[in-house]
Every structure is written in structure tokens, then in C-alpha cells.
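Inspection log for the structure reproduced underneath, given as C-alpha cells.
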Amino acid sequence: MGEVFIALDPDGEPCVVKRMLEQHAGSAEFEEMFLAEGRLVQQLKHRGIAAVRNLGVFEGRPFIDMEYVPGVSLRSLLDVLKREGRRPPVRLAL
């Protein structure tokens, strides 16, 4: 439903921008689901959840501006474990 970019905010700090895919833009139903996701995450405050800094619509496409958290992506980690024939440790999965 969206594409994710690492960007720089106006102060030059890294951030993450999730933008709705172009083929879904213009659909009131998809736009509301996308922005509802942003509003929901905006309410969650936990050190393990990237903070939502801003959300809205730019050039006809909804976006969610989030805190950038450096590190390895979960997808990358799972891919490596799969290639090695291993499962994620229970502690990590939890």
C-alpha cells in the first residue's frame, strides 16, 4: 500500500517517509486506511516503535513522516536466518 524512503528533514536530520503507492492515491477508502494507520501509530509511545512525526497529503498522495531508527531491517535479518536454515531466537521474536 506504500513505499518507504529514507530522507532528510529541513534540519538535515534523517527521517523515514512512507508514501501511498500512486495506484491507490485518489481512493478515499485507501487514503483513509493509510492515514488511520499513521494516526494510530502516532498514539503509540514506546522505545521499540518509531515515532510518527507528521502525516498528511502532499501532491495528492498521503504520507507518514517517521523517526529514523538506524540498524538492520527485520526483512534482512529474516533473509539471512532463512539462508542459514535457522529460526529467529525466541527472545528476538518476542
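We label chains A, B, ... in the order they appear in the C-alpha cells, count residues from 1 in each chain, and number ligands from 1 in the order shown.
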
Could you pull out the helix (DSSP H, G or I) residues of chain A from DSSP and send them as a ChimeraX atom specification? /A:28-43,74-83,90-93

Could you write out, as a list in words, all the residues of chain A that DSSP marks as strand (DSSP E or B)? Gly2, Glu3, Val4, Phe5, Ile6, Ala7, Leu8, Pro14, Cys15, Val16, Val17, Lys18, Arg19, Met20, Val52, Arg53, Asn54, Leu55, Gly56, Val57, Phe58, Arg61, Pro62, Phe63, Ile64, Asp65, Met66 and Glu67 of chain A

Give me a file of those residues, with N, CA, C and O atoms, as a CSV table (one decimal), in the first residue's frame.
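Okay, this is what ended up in part.csv:
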chain,number,residue,atom,x,y,z
A,2,GLY,N,2.2,1.1,0.4
A,2,GLY,CA,3.0,2.3,0.5
A,2,GLY,C,4.4,1.9,0.1
A,2,GLY,O,4.8,0.8,0.0
A,3,GLU,N,5.2,3.0,-0.1
A,3,GLU,CA,6.6,2.8,-0.4
A,3,GLU,C,7.4,3.7,0.7
A,3,GLU,O,6.8,4.7,1.1
A,4,VAL,N,8.6,3.2,1.0
A,4,VAL,CA,9.3,3.8,2.1
A,4,VAL,C,10.6,4.4,1.6
A,4,VAL,O,11.3,3.7,0.9
A,5,PHE,N,10.9,5.6,2.1
A,5,PHE,CA,12.2,6.3,1.7
A,5,PHE,C,12.9,6.8,3.0
A,5,PHE,O,12.2,7.2,3.9
A,6,ILE,N,14.2,6.7,2.9
A,6,ILE,CA,15.0,7.4,3.9
A,6,ILE,C,15.2,8.8,3.3
A,6,ILE,O,15.7,8.9,2.2
A,7,ALA,N,15.0,9.9,4.1
A,7,ALA,CA,15.1,11.2,3.6
A,7,ALA,C,15.8,12.1,4.7
A,7,ALA,O,16.1,11.6,5.8
A,8,LEU,N,16.0,13.3,4.3
A,8,LEU,CA,16.5,14.3,5.3
A,8,LEU,C,15.4,15.4,5.5
A,8,LEU,O,14.8,15.8,4.6
A,14,PRO,N,18.1,12.7,9.4
A,14,PRO,CA,17.5,11.6,8.7
A,14,PRO,C,16.1,11.3,9.2
A,14,PRO,O,15.8,11.5,10.4
A,15,CYS,N,15.2,11.0,8.3
A,15,CYS,CA,13.8,10.6,8.7
A,15,CYS,C,13.4,9.5,7.7
A,15,CYS,O,14.0,9.2,6.7
A,16,VAL,N,12.2,8.9,8.0
A,16,VAL,CA,11.7,7.9,7.1
A,16,VAL,C,10.3,8.5,6.6
A,16,VAL,O,9.5,8.9,7.4
A,17,VAL,N,10.1,8.4,5.3
A,17,VAL,CA,8.8,8.8,4.7
A,17,VAL,C,8.1,7.6,4.1
A,17,VAL,O,8.7,7.0,3.2
A,18,LYS,N,7.0,7.3,4.6
A,18,LYS,CA,6.1,6.3,3.9
A,18,LYS,C,5.1,7.0,3.1
A,18,LYS,O,4.4,7.9,3.6
A,19,ARG,N,5.0,6.7,1.8
A,19,ARG,CA,4.1,7.4,0.9
A,19,ARG,C,3.2,6.4,0.3
A,19,ARG,O,3.6,5.3,-0.1
A,20,MET,N,1.9,6.7,0.1
A,20,MET,CA,1.0,5.8,-0.5
A,20,MET,C,1.4,5.6,-2.0
A,20,MET,O,1.8,6.5,-2.6
A,52,VAL,N,5.9,8.6,14.9
A,52,VAL,CA,5.4,9.4,13.8
A,52,VAL,C,5.5,10.8,14.1
A,52,VAL,O,5.0,11.3,15.1
A,53,ARG,N,6.2,11.6,13.2
A,53,ARG,CA,6.4,13.0,13.4
A,53,ARG,C,5.4,13.9,12.8
A,53,ARG,O,5.1,14.9,13.2
A,54,ASN,N,4.9,13.4,11.6
A,54,ASN,CA,3.9,14.2,10.9
A,54,ASN,C,3.2,13.3,9.9
A,54,ASN,O,3.7,12.2,9.5
A,55,LEU,N,2.0,13.6,9.5
A,55,LEU,CA,1.3,12.9,8.4
A,55,LEU,C,0.4,13.9,7.7
A,55,LEU,O,0.0,14.9,8.3
A,56,GLY,N,0.1,13.5,6.5
A,56,GLY,CA,-0.8,14.4,5.7
A,56,GLY,C,-0.8,14.0,4.3
A,56,GLY,O,-0.6,12.8,4.0
A,57,VAL,N,-1.1,14.9,3.4
A,57,VAL,CA,-1.2,14.7,2.0
A,57,VAL,C,-0.3,15.7,1.3
A,57,VAL,O,-0.4,16.9,1.5
A,58,PHE,N,0.6,15.2,0.4
A,58,PHE,CA,1.4,16.1,-0.4
A,58,PHE,C,1.3,15.7,-1.9
A,58,PHE,O,1.5,14.5,-2.2
A,61,ARG,N,-0.9,12.7,-2.6
A,61,ARG,CA,-0.6,11.3,-2.1
A,61,ARG,C,-0.3,11.4,-0.6
A,61,ARG,O,0.5,12.2,-0.1
A,62,PRO,N,-1.1,10.7,0.2
A,62,PRO,CA,-0.9,10.7,1.7
A,62,PRO,C,0.6,10.2,2.0
A,62,PRO,O,1.1,9.4,1.3
A,63,PHE,N,1.1,10.7,3.1
A,63,PHE,CA,2.4,10.3,3.6
A,63,PHE,C,2.4,10.2,5.1
A,63,PHE,O,1.6,10.9,5.8
A,64,ILE,N,3.4,9.5,5.6
A,64,ILE,CA,3.7,9.4,7.1
A,64,ILE,C,5.1,9.7,7.2
A,64,ILE,O,6.0,9.0,6.6
A,65,ASP,N,5.5,10.7,8.0
A,65,ASP,CA,6.9,11.1,8.3
A,65,ASP,C,7.2,10.5,9.7
A,65,ASP,O,6.6,10.8,10.7
A,66,MET,N,8.2,9.6,9.7
A,66,MET,CA,8.6,8.9,10.9
A,66,MET,C,10.0,9.1,11.3
A,66,MET,O,10.9,9.4,10.5
A,67,GLU,N,10.3,8.8,12.6
A,67,GLU,CA,11.6,8.9,13.1
A,67,GLU,C,12.5,7.8,12.4
A,67,GLU,O,12.0,6.7,12.1

Residues at most 12 Å from Met1 (chain A), counting only C-alpha atoms, excluding those fewer than 4 positions away in the same chain, as a ChimeraX atom specification? /A:18-25,27,29-35,37,61-63

Restricting the calculation to only C-alpha atoms: of A:Val72, A:Ala51, A:Arg87, A:Gly26, which residue gets closest to Arg39 (chain A)? A:Ala51

Between CA of Val69 (chain A) and CA of Ile49 (chain A), what is the distance in Å, rounded to a tenth? 9.2 Å

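Taking CA of Gly60 (chain A) and CA of Val41 (chain A) as the two end points, the separation is 21.7 Å.
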
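Taking CA of Asp79 (chain A) and CA of Ala93 (chain A) as endpoints, the distance between them is 14.3 Å.
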
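Across A:Ala36, A:Asp9, A:Ala50, A:Leu94, the tightest approach to Pro70 (chain A) is made by A:Ala50 when counting only C-alpha atoms.
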